[in-house]
file final_19.pdb (PDB, C-alpha atoms and all ligand atoms)
MODEL        1
ATOM      1  CA  MET U 586     111.782 -43.239  -4.673
ATOM      2  CA  PRO U 587     109.724 -44.771  -1.847
ATOM      3  CA  LEU U 588     109.230 -42.888   1.383
ATOM      4  CA  TYR U 589     110.555 -43.589   4.843
ATOM      5  CA  PRO U 590     107.926 -44.402   7.481
ATOM      6  CA  ILE U 591     109.077 -41.340   9.404
ATOM      7  CA  ASP U 592     108.169 -39.069   6.446
ATOM      8  CA  ILE U 593     104.733 -40.635   6.301
ATOM      9  CA  GLU U 594     104.261 -40.207  10.030
ATOM     10  CA  LYS U 595     105.304 -36.557   9.835
ATOM     11  CA  ARG U 596     102.870 -35.875   6.994
ATOM     12  CA  LEU U 597     100.057 -37.536   8.916
ATOM     13  CA  LYS U 598     100.733 -35.322  11.947
ATOM     14  CA  ALA U 599     100.732 -32.244   9.709
ATOM     15  CA  LEU U 600      97.435 -33.191   8.057
ATOM     16  CA  GLN U 601      95.859 -33.860  11.454
ATOM     17  CA  ARG U 602      96.969 -30.411  12.611
ATOM     18  CA  GLN U 603      95.555 -28.860   9.440
ATOM     19  CA  ALA U 604      92.246 -30.688   9.930
ATOM     20  CA  ARG U 605      91.994 -29.642  13.565
ATOM     21  CA  HIS U 606      92.713 -26.042  12.652
ATOM     22  CA  GLU U 607      90.390 -25.789   9.643
ATOM     23  CA  ALA U 608      87.479 -27.761  11.090
ATOM     24  CA  GLU U 609      87.264 -25.243  13.954
ATOM     25  CA  GLY U 610      85.548 -27.706  16.233
ATOM     26  CA  ALA U 611      82.710 -28.543  13.832
ATOM     27  CA  PRO U 612      81.151 -31.943  14.589
ATOM     28  CA  TYR U 613      81.434 -33.231  10.992
ATOM     29  CA  VAL U 614      84.030 -32.584   8.331
ATOM     30  CA  ILE U 615      83.876 -33.227   4.583
ATOM     31  CA  TYR U 616      87.349 -33.613   3.131
ATOM     32  CA  ALA U 617      89.307 -34.531   0.013
ATOM     33  CA  LEU U 618      92.634 -36.300  -0.236
ATOM     34  CA  LEU U 619      94.938 -34.877  -2.896
ATOM     35  CA  ASP U 620      97.765 -36.225  -5.007
ATOM     36  CA  PRO U 621     100.605 -33.643  -5.028
ATOM     37  CA  GLY U 622     101.612 -34.755  -8.541
ATOM     38  CA  GLU U 623     105.157 -34.655  -9.902
ATOM     39  CA  PRO U 624     107.725 -32.967  -7.642
ATOM     40  CA  GLY U 625     107.656 -29.226  -8.129
ATOM     41  CA  LEU U 626     104.249 -29.213  -9.804
ATOM     42  CA  GLN U 627     102.396 -25.978  -9.052
ATOM     43  CA  PHE U 628      98.657 -25.716  -8.561
ATOM     44  CA  ALA U 629      98.115 -22.006  -9.038
ATOM     45  CA  GLU U 630      94.631 -22.233 -10.508
ATOM     46  CA  GLY U 631      91.691 -23.811  -8.748
ATOM     47  CA  PRO U 632      90.867 -24.381  -5.115
ATOM     48  CA  PHE U 633      93.168 -27.395  -4.600
ATOM     49  CA  ASN U 634      96.907 -27.642  -4.136
ATOM     50  CA  GLY U 635      96.827 -31.156  -5.572
ATOM     51  CA  ILE U 636      94.704 -33.544  -7.592
ATOM     52  CA  PRO U 637      91.675 -34.754  -5.578
ATOM     53  CA  PHE U 638      91.380 -38.542  -5.583
ATOM     54  CA  TYR U 639      89.038 -39.204  -2.665
ATOM     55  CA  VAL U 640      86.134 -37.511  -0.896
ATOM     56  CA  GLY U 641      85.077 -38.497   2.607
ATOM     57  CA  GLN U 642      83.166 -37.271   5.628
ATOM     58  CA  SER U 643      83.824 -38.013   9.271
ATOM     59  CA  CYS U 644      82.967 -37.019  12.811
ATOM     60  CA  GLU U 645      86.521 -37.950  13.869
ATOM     61  CA  ILE U 646      88.626 -36.473  11.109
ATOM     62  CA  GLU U 647      91.992 -36.880  12.857
ATOM     63  CA  CYS U 648      91.413 -40.573  13.615
ATOM     64  CA  ARG U 649      90.100 -41.075  10.097
ATOM     65  CA  LEU U 650      93.274 -39.651   8.586
ATOM     66  CA  GLY U 651      95.328 -41.908  10.850
ATOM     67  CA  ARG U 652      93.330 -44.900   9.654
ATOM     68  CA  HIS U 653      93.795 -43.942   5.977
ATOM     69  CA  PHE U 654      97.556 -43.761   6.447
ATOM     70  CA  ARG U 655      97.821 -46.905   8.582
ATOM     71  CA  LYS U 656      95.718 -49.044   6.267
ATOM     72  CA  SER U 657      97.663 -47.853   3.234
ATOM     73  CA  GLN U 658     100.865 -49.156   4.783
ATOM     74  CA  LYS U 659      99.325 -52.585   5.438
ATOM     75  CA  LEU U 660      97.416 -53.594   2.340
ATOM     76  CA  ASN U 661      95.545 -56.883   2.223
ATOM     77  CA  PRO U 662      93.190 -58.467  -0.334
ATOM     78  CA  ASP U 663      90.231 -56.621   1.224
ATOM     79  CA  SER U 664      91.867 -53.202   1.208
ATOM     80  CA  GLN U 665      89.713 -50.339  -0.024
ATOM     81  CA  MET U 666      90.481 -48.589  -3.283
ATOM     82  CA  VAL U 667      91.454 -45.404  -1.481
ATOM     83  CA  HIS U 668      94.114 -47.210   0.570
ATOM     84  CA  ARG U 669      95.527 -48.896  -2.523
ATOM     85  CA  HIS U 670      95.707 -45.490  -4.121
ATOM     86  CA  ILE U 671      97.540 -43.943  -1.156
ATOM     87  CA  ALA U 672      99.933 -46.919  -1.102
ATOM     88  CA  ARG U 673     100.727 -46.290  -4.794
ATOM     89  CA  LEU U 674     101.494 -42.667  -3.976
ATOM     90  CA  PHE U 675     103.765 -43.700  -1.105
ATOM     91  CA  ALA U 676     105.563 -46.098  -3.448
ATOM     92  CA  ILE U 677     106.488 -43.299  -5.845
ATOM     93  CA  GLY U 678     107.500 -40.916  -3.086
ATOM     94  CA  ARG U 679     104.379 -38.751  -2.948
ATOM     95  CA  LEU U 680     102.718 -37.669   0.292
ATOM     96  CA  PRO U 681      98.975 -36.988   0.076
ATOM     97  CA  ARG U 682      97.643 -33.551   0.846
ATOM     98  CA  LEU U 683      94.348 -32.635   2.441
ATOM     99  CA  ALA U 684      91.578 -30.196   1.604
ATOM    100  CA  ILE U 685      88.830 -29.471   4.128
ATOM    101  CA  LEU U 686      85.890 -28.889   1.795
ATOM    102  CA  GLU U 687      83.135 -28.079   4.242
ATOM    103  CA  THR U 688      81.977 -28.653   7.795
ATOM    104  CA  ALA U 689      78.538 -29.784   8.940
ATOM    105  CA  GLN U 690      76.479 -29.820  12.101
ATOM    106  CA  THR U 691      74.675 -33.136  11.564
ATOM    107  CA  ARG U 692      75.429 -36.508   9.985
ATOM    108  CA  SER U 693      72.682 -36.037   7.393
ATOM    109  CA  GLN U 694      74.113 -32.722   6.253
ATOM    110  CA  SER U 695      77.538 -34.273   6.213
ATOM    111  CA  LEU U 696      76.434 -37.219   4.037
ATOM    112  CA  MET U 697      74.673 -34.910   1.612
ATOM    113  CA  ALA U 698      77.685 -32.621   1.385
ATOM    114  CA  GLU U 699      79.972 -35.604   0.764
ATOM    115  CA  LEU U 700      77.749 -36.738  -2.100
ATOM    116  CA  ARG U 701      77.535 -33.230  -3.558
ATOM    117  CA  TRP U 702      81.308 -32.745  -3.464
ATOM    118  CA  GLY U 703      81.960 -36.195  -4.881
ATOM    119  CA  GLN U 704      79.637 -35.543  -7.794
ATOM    120  CA  ARG U 705      81.090 -32.109  -8.388
ATOM    121  CA  LEU U 706      84.658 -33.375  -8.491
ATOM    122  CA  MET U 707      83.722 -36.200 -10.839
ATOM    123  CA  ARG U 708      81.925 -33.730 -13.095
ATOM    124  CA  ASP U 709      85.109 -31.662 -13.098
ATOM    125  CA  GLY U 710      86.910 -34.704 -14.454
ATOM    126  CA  TYR U 711      88.682 -36.007 -11.356
ATOM    127  CA  GLU U 712      88.896 -39.762 -10.901
ATOM    128  CA  LEU U 713      87.877 -40.671  -7.363
ATOM    129  CA  ALA U 714      88.957 -43.790  -5.497
ATOM    130  CA  ASN U 715      85.647 -43.822  -3.637
ATOM    131  CA  THR U 716      84.019 -47.227  -3.459
ATOM    132  CA  SER U 717      80.537 -45.750  -3.501
ATOM    133  CA  PRO U 718      79.252 -45.752  -7.098
ATOM    134  CA  ASP U 719      76.504 -43.327  -6.023
ATOM    135  CA  ILE U 720      78.972 -40.502  -6.100
ATOM    136  CA  GLY U 721      79.445 -41.092  -9.808
ATOM    137  CA  ARG U 722      75.851 -40.571 -10.851
ATOM    138  CA  ILE U 723      73.270 -37.871 -10.498
ATOM    139  CA  MET U 724      70.219 -39.086  -8.620
ATOM    140  CA  GLY U 725      66.591 -38.072  -8.775
ATOM    141  CA  VAL U 726      64.818 -36.930  -5.618
ATOM    142  CA  GLU U 727      63.331 -40.348  -4.874
ATOM    143  CA  GLU U 728      66.590 -42.157  -5.404
ATOM    144  CA  LEU U 729      68.416 -39.554  -3.361
ATOM    145  CA  THR U 730      65.999 -39.989  -0.457
ATOM    146  CA  ALA U 731      66.488 -43.745  -0.550
ATOM    147  CA  TRP U 732      70.251 -43.321  -0.664
ATOM    148  CA  LEU U 733      70.241 -40.911   2.264
ATOM    149  CA  ASP U 734      68.022 -43.263   4.282
ATOM    150  CA  PHE U 735      70.385 -46.104   3.537
ATOM    151  CA  ARG U 736      73.430 -44.134   4.641
ATOM    152  CA  ARG U 737      71.615 -42.673   7.661
ATOM    153  CA  SER U 738      70.428 -46.067   8.856
ATOM    154  CA  SER U 739      73.988 -46.843   9.882
ATOM    155  CA  MET U 740      74.261 -43.750  12.039
ATOM    156  CA  LEU U 741      74.304 -43.989  15.810
ATOM    157  CA  ALA U 742      71.088 -43.696  17.806
ATOM    158  CA  SER U 743      72.598 -40.727  19.632
ATOM    159  CA  GLU U 744      73.255 -38.931  16.335
ATOM    160  CA  ALA U 745      69.716 -39.630  15.128
ATOM    161  CA  ALA U 746      68.355 -38.325  18.431
ATOM    162  CA  ARG U 747      70.368 -35.119  18.086
ATOM    163  CA  GLU U 748      69.055 -34.618  14.556
ATOM    164  CA  GLY U 749      65.468 -35.412  15.452
ATOM    165  CA  ILE U 750      65.259 -38.411  13.145
ATOM    166  CA  VAL U 751      62.582 -41.022  13.814
ATOM    167  CA  ILE U 752      61.930 -44.449  12.314
ATOM    168  CA  VAL U 753      58.576 -44.905  10.608
ATOM    169  CA  HIS U 754      57.215 -48.436  10.261
ATOM    170  CA  THR U 755      54.537 -49.126   7.668
ATOM    171  CA  CYS U 756      52.656 -52.404   7.763
ATOM    172  CA  THR U 757      52.153 -53.934   4.321
ATOM    173  CA  CYS U 758      48.688 -55.292   5.303
ATOM    174  CA  GLY U 759      47.512 -51.821   6.197
ATOM    175  CA  HIS U 760      47.843 -51.585   9.986
ATOM    176  CA  VAL U 761      48.506 -48.104  11.293
ATOM    177  CA  ASN U 762      51.988 -46.576  10.897
ATOM    178  CA  ARG U 763      54.268 -46.671  13.920
ATOM    179  CA  TRP U 764      56.956 -44.111  14.827
ATOM    180  CA  ILE U 765      60.036 -45.100  16.788
ATOM    181  CA  ASP U 766      62.179 -42.365  18.306
ATOM    182  CA  PRO U 767      65.857 -43.392  18.612
ATOM    183  CA  ALA U 768      66.121 -40.857  21.464
ATOM    184  CA  ASP U 769      64.185 -43.334  23.632
ATOM    185  CA  TYR U 770      66.984 -45.853  23.205
ATOM    186  CA  VAL U 771      69.990 -43.654  23.774
ATOM    187  CA  ALA U 772      70.111 -43.669  27.579
ATOM    188  CA  CYS U 773      69.716 -47.356  28.319
ATOM    189  CA  TRP U 774      71.366 -49.022  25.320
ATOM    190  CA  PRO U 775      74.998 -49.563  24.305
ATOM    191  CA  LYS U 776      76.811 -46.504  23.025
ATOM    192  CA  ARG U 777      77.370 -47.847  19.513
ATOM    193  CA  LEU U 778      73.698 -48.736  18.923
ATOM    194  CA  ARG U 779      72.796 -48.004  15.308
ATOM    195  CA  VAL U 780      69.501 -46.843  13.857
ATOM    196  CA  SER U 781      69.248 -49.936  11.628
ATOM    197  CA  LYS U 782      69.447 -52.150  14.718
ATOM    198  CA  ILE U 783      66.582 -50.323  16.431
ATOM    199  CA  ALA U 784      64.547 -50.506  13.224
ATOM    200  CA  SER U 785      65.014 -54.253  12.848
ATOM    201  CA  ARG U 786      64.205 -54.863  16.526
ATOM    202  CA  THR U 787      60.940 -52.948  16.228
ATOM    203  CA  GLN U 788      60.061 -54.049  12.713
ATOM    204  CA  GLN U 789      57.366 -56.578  13.619
ATOM    205  CA  CYS U 790      53.838 -55.222  13.319
ATOM    206  CA  PRO U 791      51.876 -55.657  16.598
ATOM    207  CA  GLY U 792      48.709 -56.112  14.535
ATOM    208  CA  CYS U 793      49.662 -58.982  12.246
ATOM    209  CA  GLY U 794      53.154 -60.040  13.240
ATOM    210  CA  GLU U 795      54.541 -59.366   9.768
ATOM    211  CA  ASP U 796      57.691 -57.323   9.298
ATOM    212  CA  CYS U 797      56.915 -53.705   8.489
ATOM    213  CA  GLU U 798      58.719 -51.631   5.882
ATOM    214  CA  TRP U 799      60.570 -48.747   7.440
ATOM    215  CA  TRP U 800      62.164 -45.433   6.546
ATOM    216  CA  LEU U 801      63.490 -42.402   8.350
ATOM    217  CA  ASP U 802      61.660 -39.157   8.836
ATOM    218  CA  ASP U 803      62.016 -35.891  10.649
ATOM    219  CA  ARG U 804      60.415 -35.799  14.122
ATOM    220  CA  GLU U 805      59.373 -32.145  13.860
ATOM    221  CA  LEU U 806      57.814 -32.642  10.442
ATOM    222  CA  LEU U 807      55.782 -35.589  11.726
ATOM    223  CA  ALA U 808      54.759 -33.733  14.859
ATOM    224  CA  SER U 809      53.527 -30.791  12.808
ATOM    225  CA  ARG U 810      51.560 -33.162  10.577
ATOM    226  CA  PHE U 811      50.082 -35.456  13.243
ATOM    227  CA  GLY U 812      50.579 -33.656  16.572
ATOM    228  CA  PRO U 813      53.227 -34.380  19.222
ATOM    229  CA  SER U 814      51.034 -36.550  21.445
ATOM    230  CA  TYR U 815      50.326 -38.968  18.613
ATOM    231  CA  LEU U 816      54.035 -39.362  18.103
ATOM    232  CA  ASN U 817      54.541 -40.149  21.783
ATOM    233  CA  THR U 818      51.832 -42.801  21.881
ATOM    234  CA  CYS U 819      53.214 -44.615  18.901
ATOM    235  CA  SER U 820      56.735 -44.504  20.198
ATOM    236  CA  SER U 821      55.948 -45.871  23.661
ATOM    237  CA  LEU U 822      53.705 -48.556  22.211
ATOM    238  CA  ALA U 823      56.521 -49.778  20.031
ATOM    239  CA  LEU U 824      58.977 -49.573  22.904
ATOM    240  CA  ARG U 825      56.934 -51.899  25.075
ATOM    241  CA  ARG U 826      56.962 -54.445  22.325
ATOM    242  CA  ALA U 827      60.684 -54.172  21.653
TER     243      ALA U 827
HETATM  244 ZN    ZN W   1      50.246 -55.352  10.375
ENDMDL
END
call {"tool": "encode", "arguments": {"input": "final_19.pdb", "output": "structure tokens", "more": "lines below"}}
Ligand SMILES: [Zn+2]
result
Amino acid sequence: MPLYPIDIEKRLKALQRQARHEAEGAPYVIYALLDPGEPGLQFAEGPFNGIPFYVGQSCEIECRLGRHFRKSQKLNPDSQMVHRHIARLFAIGRLPRLAILETAQTRSQSLMAELRWGQRLMRDGYELANTSPDIGRIMGVEELTAWLDFRRSSMLASEAAREGIVIVHTCTCGHVNRWIDPADYVACWPKRLRVSKIASRTQQCPGCGEDCEWWLDDRELLASRFGPSYLNTCSSLALRRA
């Protein structure tokens, strides 16, 4: 039988409490949503008290859970697979459960942990309603780096600054590499500024005017390779041009 909205609301509140309690104030949380199965079904073996059907990571776990529940009650043609799945559970009277899988200190760690958990659960035979096909396949180091860069490029400048991530521009005609530090943008730019936006604004090579290729690197690693002053020069040069 379908559920009453009040039941759904109560479950959401309970999951938010659970998340708050288990995350213990960590900045990032990796979580799974679980199907409780048939009424009375026991999950004695294994780490989950339900069947995992989704893996996610968030820096605002309680809001994220609220969004999952809200969007599942208002499906539209663009609805994500996970929300369709939750809606199906609601329709047969099942309330999702939550497992906090891991916590992380940075977005990069959080993204990597999400991928690792997703792959592990799929290997264990669980069907995930994640849209990302990357979770379903094992990646080589190069592919993994590209994937992480892609996911990290949508992180906020403030997050990148906290993690010490810098943007590296490489000119295809051979002009010298440029480093852009998102930290330089945090103070005077809008709060929701994303790394990809900074990269595209600074993409043009001052030497030839062509668009550079860019990737993300670790500030400390670069500084140890090239020296901190070099990093500063490049960054301020690029800033003036931005
Ligand atoms: Zn150039």
call {"tool": "residues_near_ligand", "arguments": {"input": "final_19.pdb", "ligand": "ligand ZN 1 (chain W)", "cutoff": "6 Å", "atoms": "only C-alpha atoms and all ligand atoms", "output": "mmCIF file with C-alpha atoms, in the frame of the given file"}}
result
data_model
loop_
_atom_site.group_PDB
_atom_site.id
_atom_site.type_symbol
_atom_site.label_atom_id
_atom_site.label_comp_id
_atom_site.auth_asym_id
_atom_site.auth_seq_id
_atom_site.Cartn_x
_atom_site.Cartn_y
_atom_site.Cartn_z
ATOM 1 C CA CYS U 756 52.656 -52.404 7.763
ATOM 2 C CA CYS U 758 48.688 -55.292 5.303
ATOM 3 C CA HIS U 760 47.843 -51.585 9.986
ATOM 4 C CA CYS U 790 53.838 -55.222 13.319
ATOM 5 C CA GLY U 792 48.709 -56.112 14.535
ATOM 6 C CA CYS U 793 49.662 -58.982 12.246
ATOM 7 C CA GLU U 795 54.541 -59.366 9.768
#
call {"tool": "residues_around", "arguments": {"input": "final_19.pdb", "residues": "segment 713-722 of chain U", "least_positions_apart": "4", "cutoff": "12 Å", "atoms": "all atoms listed in the file", "output": "PDB file with C-alpha atoms, in the coordinates of the input"}}
result
ATOM      1  CA  ALA U 617      89.307 -34.531   0.013  1.00  0.00           C
ATOM      2  CA  LEU U 618      92.634 -36.300  -0.236  1.00  0.00           C
ATOM      3  CA  LEU U 619      94.938 -34.877  -2.896  1.00  0.00           C
ATOM      4  CA  ASP U 620      97.765 -36.225  -5.007  1.00  0.00           C
ATOM      5  CA  ILE U 636      94.704 -33.544  -7.592  1.00  0.00           C
ATOM      6  CA  PRO U 637      91.675 -34.754  -5.578  1.00  0.00           C
ATOM      7  CA  PHE U 638      91.380 -38.542  -5.583  1.00  0.00           C
ATOM      8  CA  TYR U 639      89.038 -39.204  -2.665  1.00  0.00           C
ATOM      9  CA  VAL U 640      86.134 -37.511  -0.896  1.00  0.00           C
ATOM     10  CA  GLY U 641      85.077 -38.497   2.607  1.00  0.00           C
ATOM     11  CA  GLN U 642      83.166 -37.271   5.628  1.00  0.00           C
ATOM     12  CA  SER U 664      91.867 -53.202   1.208  1.00  0.00           C
ATOM     13  CA  GLN U 665      89.713 -50.339  -0.024  1.00  0.00           C
ATOM     14  CA  MET U 666      90.481 -48.589  -3.283  1.00  0.00           C
ATOM     15  CA  VAL U 667      91.454 -45.404  -1.481  1.00  0.00           C
ATOM     16  CA  HIS U 668      94.114 -47.210   0.570  1.00  0.00           C
ATOM     17  CA  ARG U 669      95.527 -48.896  -2.523  1.00  0.00           C
ATOM     18  CA  HIS U 670      95.707 -45.490  -4.121  1.00  0.00           C
ATOM     19  CA  ILE U 671      97.540 -43.943  -1.156  1.00  0.00           C
ATOM     20  CA  LEU U 696      76.434 -37.219   4.037  1.00  0.00           C
ATOM     21  CA  MET U 697      74.673 -34.910   1.612  1.00  0.00           C
ATOM     22  CA  ALA U 698      77.685 -32.621   1.385  1.00  0.00           C
ATOM     23  CA  GLU U 699      79.972 -35.604   0.764  1.00  0.00           C
ATOM     24  CA  LEU U 700      77.749 -36.738  -2.100  1.00  0.00           C
ATOM     25  CA  ARG U 701      77.535 -33.230  -3.558  1.00  0.00           C
ATOM     26  CA  TRP U 702      81.308 -32.745  -3.464  1.00  0.00           C
ATOM     27  CA  GLY U 703      81.960 -36.195  -4.881  1.00  0.00           C
ATOM     28  CA  GLN U 704      79.637 -35.543  -7.794  1.00  0.00           C
ATOM     29  CA  ARG U 705      81.090 -32.109  -8.388  1.00  0.00           C
ATOM     30  CA  LEU U 706      84.658 -33.375  -8.491  1.00  0.00           C
ATOM     31  CA  MET U 707      83.722 -36.200 -10.839  1.00  0.00           C
ATOM     32  CA  ARG U 708      81.925 -33.730 -13.095  1.00  0.00           C
ATOM     33  CA  ASP U 709      85.109 -31.662 -13.098  1.00  0.00           C
ATOM     34  CA  GLU U 728      66.590 -42.157  -5.404  1.00  0.00           C
ATOM     35  CA  LEU U 729      68.416 -39.554  -3.361  1.00  0.00           C
ATOM     36  CA  ALA U 731      66.488 -43.745  -0.550  1.00  0.00           C
ATOM     37  CA  TRP U 732      70.251 -43.321  -0.664  1.00  0.00           C
ATOM     38  CA  LEU U 733      70.241 -40.911   2.264  1.00  0.00           C
ATOM     39  CA  PHE U 735      70.385 -46.104   3.537  1.00  0.00           C
ATOM     40  CA  ARG U 736      73.430 -44.134   4.641  1.00  0.00           C
TER      41      ARG U 736
END
call {"tool": "residues_around", "arguments": {"input": "final_19.pdb", "residues": "Ala604 of chain U", "least_positions_apart": "3", "cutoff": "9 Å", "atoms": "only C-alpha atoms", "output": "list in words"}}
result
Ala599, Leu600, Gln601, Glu607, Ala608, Glu609, Val614, Tyr616, Ile646, Glu647, Leu683, Ala684 and Ile685 of chain U
call {"tool": "closest_residue", "arguments": {"input": "final_19.pdb", "among": "U:Ala808, U:Leu674, U:Val780, U:Cys644", "to": "Gly610 of chain U", "atoms": "only C-alpha atoms"}}
result
U:Cys644
call {"tool": "resolve_selection", "arguments": {"input": "final_19.pdb", "expression": "the PyMOL selection byres (((chain U and resi 587-590) around 9) and not hetatm)", "output": "list in words"}}
result
Met586, Ile591, Asp592, Ile593, Glu594, Lys595, Gln658, Leu674, Phe675, Ala676, Ile677, Gly678, Arg679 and Leu680 of chain U
call {"tool": "write_last_selection", "arguments": {"input": "final_19.pdb", "atoms": "C-alpha atoms", "output": "PDB file, in the coordinates of the input"}}
result
ATOM      1  CA  MET U 586     111.782 -43.239  -4.673  1.00  0.00           C
ATOM      2  CA  ILE U 591     109.077 -41.340   9.404  1.00  0.00           C
ATOM      3  CA  ASP U 592     108.169 -39.069   6.446  1.00  0.00           C
ATOM      4  CA  ILE U 593     104.733 -40.635   6.301  1.00  0.00           C
ATOM      5  CA  GLU U 594     104.261 -40.207  10.030  1.00  0.00           C
ATOM      6  CA  LYS U 595     105.304 -36.557   9.835  1.00  0.00           C
ATOM      7  CA  GLN U 658     100.865 -49.156   4.783  1.00  0.00           C
ATOM      8  CA  LEU U 674     101.494 -42.667  -3.976  1.00  0.00           C
ATOM      9  CA  PHE U 675     103.765 -43.700  -1.105  1.00  0.00           C
ATOM     10  CA  ALA U 676     105.563 -46.098  -3.448  1.00  0.00           C
ATOM     11  CA  ILE U 677     106.488 -43.299  -5.845  1.00  0.00           C
ATOM     12  CA  GLY U 678     107.500 -40.916  -3.086  1.00  0.00           C
ATOM     13  CA  ARG U 679     104.379 -38.751  -2.948  1.00  0.00           C
ATOM     14  CA  LEU U 680     102.718 -37.669   0.292  1.00  0.00           C
TER      15      LEU U 680
END
call {"tool": "atom_distance", "arguments": {"input": "final_19.pdb", "atom1": "atom CA of Asn634 of chain U", "atom2": "atom CA of Pro621 of chain U"}}
result
7.1 Å
call {"tool": "atom_distance", "arguments": {"input": "final_19.pdb", "atom1": "atom CA of Ile752 of chain U", "atom2": "atom CA of Phe811 of chain U"}}
result
14.9 Å
call {"tool": "axis_aligned_box", "arguments": {"input": "final_19.pdb", "around": "segment 633-650 of chain U", "padding_each_side": "5 Å", "output": "JSON"}}
result
{"center_x": 89.9, "center_y": -34.2, "center_z": 3.1, "size_x": 23.9, "size_y": 23.7, "size_z": 31.5}
call {"tool": "closest_residue", "arguments": {"input": "final_19.pdb", "among": "U:Tyr613, U:Phe633, U:Arg786, U:Glu744", "to": "Glu687 of chain U", "atoms": "all atoms listed in the file"}}
result
U:Tyr613
call {"tool": "atom_distance", "arguments": {"input": "final_19.pdb", "atom1": "atom CA of Ala772 of chain U", "atom2": "atom CA of Gly749 of chain U"}}
result
15.4 Å
call {"tool": "residues_around", "arguments": {"input": "final_19.pdb", "residues": "Glu748 of chain U", "least_positions_apart": "5", "cutoff": "9 Å", "atoms": "all atoms listed in the file", "output": "ChimeraX atom specification"}}
result
/U:691-693,743,803-804
call {"tool": "closest_residue", "arguments": {"input": "final_19.pdb", "among": "U:Arg673, U:Ile723, U:Glu630, U:Cys648", "to": "Leu660 of chain U", "atoms": "only C-alpha atoms"}}
result
U:Arg673
call {"tool": "closest_residue", "arguments": {"input": "final_19.pdb", "among": "U:Cys773, U:Ile750, U:Met724, U:Ile615", "to": "Ser738 of chain U", "atoms": "all atoms listed in the file"}}
result
U:Ile750
call {"tool": "closest_residue", "arguments": {"input": "final_19.pdb", "among": "U:Val753, U:Leu597, U:Leu626, U:Ala611", "to": "Phe654 of chain U", "atoms": "all atoms listed in the file"}}
result
U:Leu597
call {"tool": "closest_residue", "arguments": {"input": "final_19.pdb", "among": "U:Asn762, U:Ser695, U:Thr757, U:Ser781", "to": "Asp796 of chain U", "atoms": "all atoms listed in the file"}}
result
U:Thr757
call {"tool": "build_atoms", "arguments": {"input": "final_19.pdb", "residues": "segment 780-791 of chain U", "atoms": "N, CA and C atoms", "output": "PDB file, keeping the file's coordinate frame"}}
result
ATOM      1  N   VAL U 780      70.906 -47.021  14.199  1.00  0.00           N
ATOM      2  CA  VAL U 780      69.501 -46.843  13.857  1.00  0.00           C
ATOM      3  C   VAL U 780      68.936 -48.112  13.205  1.00  0.00           C
ATOM      4  N   SER U 781      69.724 -48.738  12.324  1.00  0.00           N
ATOM      5  CA  SER U 781      69.248 -49.936  11.628  1.00  0.00           C
ATOM      6  C   SER U 781      68.910 -51.052  12.614  1.00  0.00           C
ATOM      7  N   LYS U 782      69.673 -51.117  13.711  1.00  0.00           N
ATOM      8  CA  LYS U 782      69.447 -52.150  14.718  1.00  0.00           C
ATOM      9  C   LYS U 782      68.105 -51.904  15.429  1.00  0.00           C
ATOM     10  N   ILE U 783      67.855 -50.663  15.786  1.00  0.00           N
ATOM     11  CA  ILE U 783      66.582 -50.323  16.431  1.00  0.00           C
ATOM     12  C   ILE U 783      65.433 -50.649  15.483  1.00  0.00           C
ATOM     13  N   ALA U 784      65.617 -50.277  14.210  1.00  0.00           N
ATOM     14  CA  ALA U 784      64.547 -50.506  13.224  1.00  0.00           C
ATOM     15  C   ALA U 784      64.252 -51.997  13.096  1.00  0.00           C
ATOM     16  N   SER U 785      65.279 -52.833  13.043  1.00  0.00           N
ATOM     17  CA  SER U 785      65.014 -54.253  12.848  1.00  0.00           C
ATOM     18  C   SER U 785      64.414 -54.881  14.114  1.00  0.00           C
ATOM     19  N   ARG U 786      64.789 -54.348  15.276  1.00  0.00           N
ATOM     20  CA  ARG U 786      64.205 -54.863  16.526  1.00  0.00           C
ATOM     21  C   ARG U 786      62.722 -54.517  16.668  1.00  0.00           C
ATOM     22  N   THR U 787      62.318 -53.431  16.041  1.00  0.00           N
ATOM     23  CA  THR U 787      60.940 -52.948  16.228  1.00  0.00           C
ATOM     24  C   THR U 787      60.107 -53.156  14.964  1.00  0.00           C
ATOM     25  N   GLN U 788      60.650 -53.937  14.049  1.00  0.00           N
ATOM     26  CA  GLN U 788      60.061 -54.049  12.713  1.00  0.00           C
ATOM     27  C   GLN U 788      58.731 -54.812  12.701  1.00  0.00           C
ATOM     28  N   GLN U 789      58.549 -55.726  13.652  1.00  0.00           N
ATOM     29  CA  GLN U 789      57.366 -56.578  13.619  1.00  0.00           C
ATOM     30  C   GLN U 789      56.092 -55.804  13.954  1.00  0.00           C
ATOM     31  N   CYS U 790      55.097 -55.927  13.106  1.00  0.00           N
ATOM     32  CA  CYS U 790      53.838 -55.222  13.319  1.00  0.00           C
ATOM     33  C   CYS U 790      53.076 -55.880  14.461  1.00  0.00           C
ATOM     34  N   PRO U 791      52.626 -55.090  15.474  1.00  0.00           N
ATOM     35  CA  PRO U 791      51.876 -55.657  16.598  1.00  0.00           C
ATOM     36  C   PRO U 791      50.519 -56.196  16.145  1.00  0.00           C
TER      37      PRO U 791
END
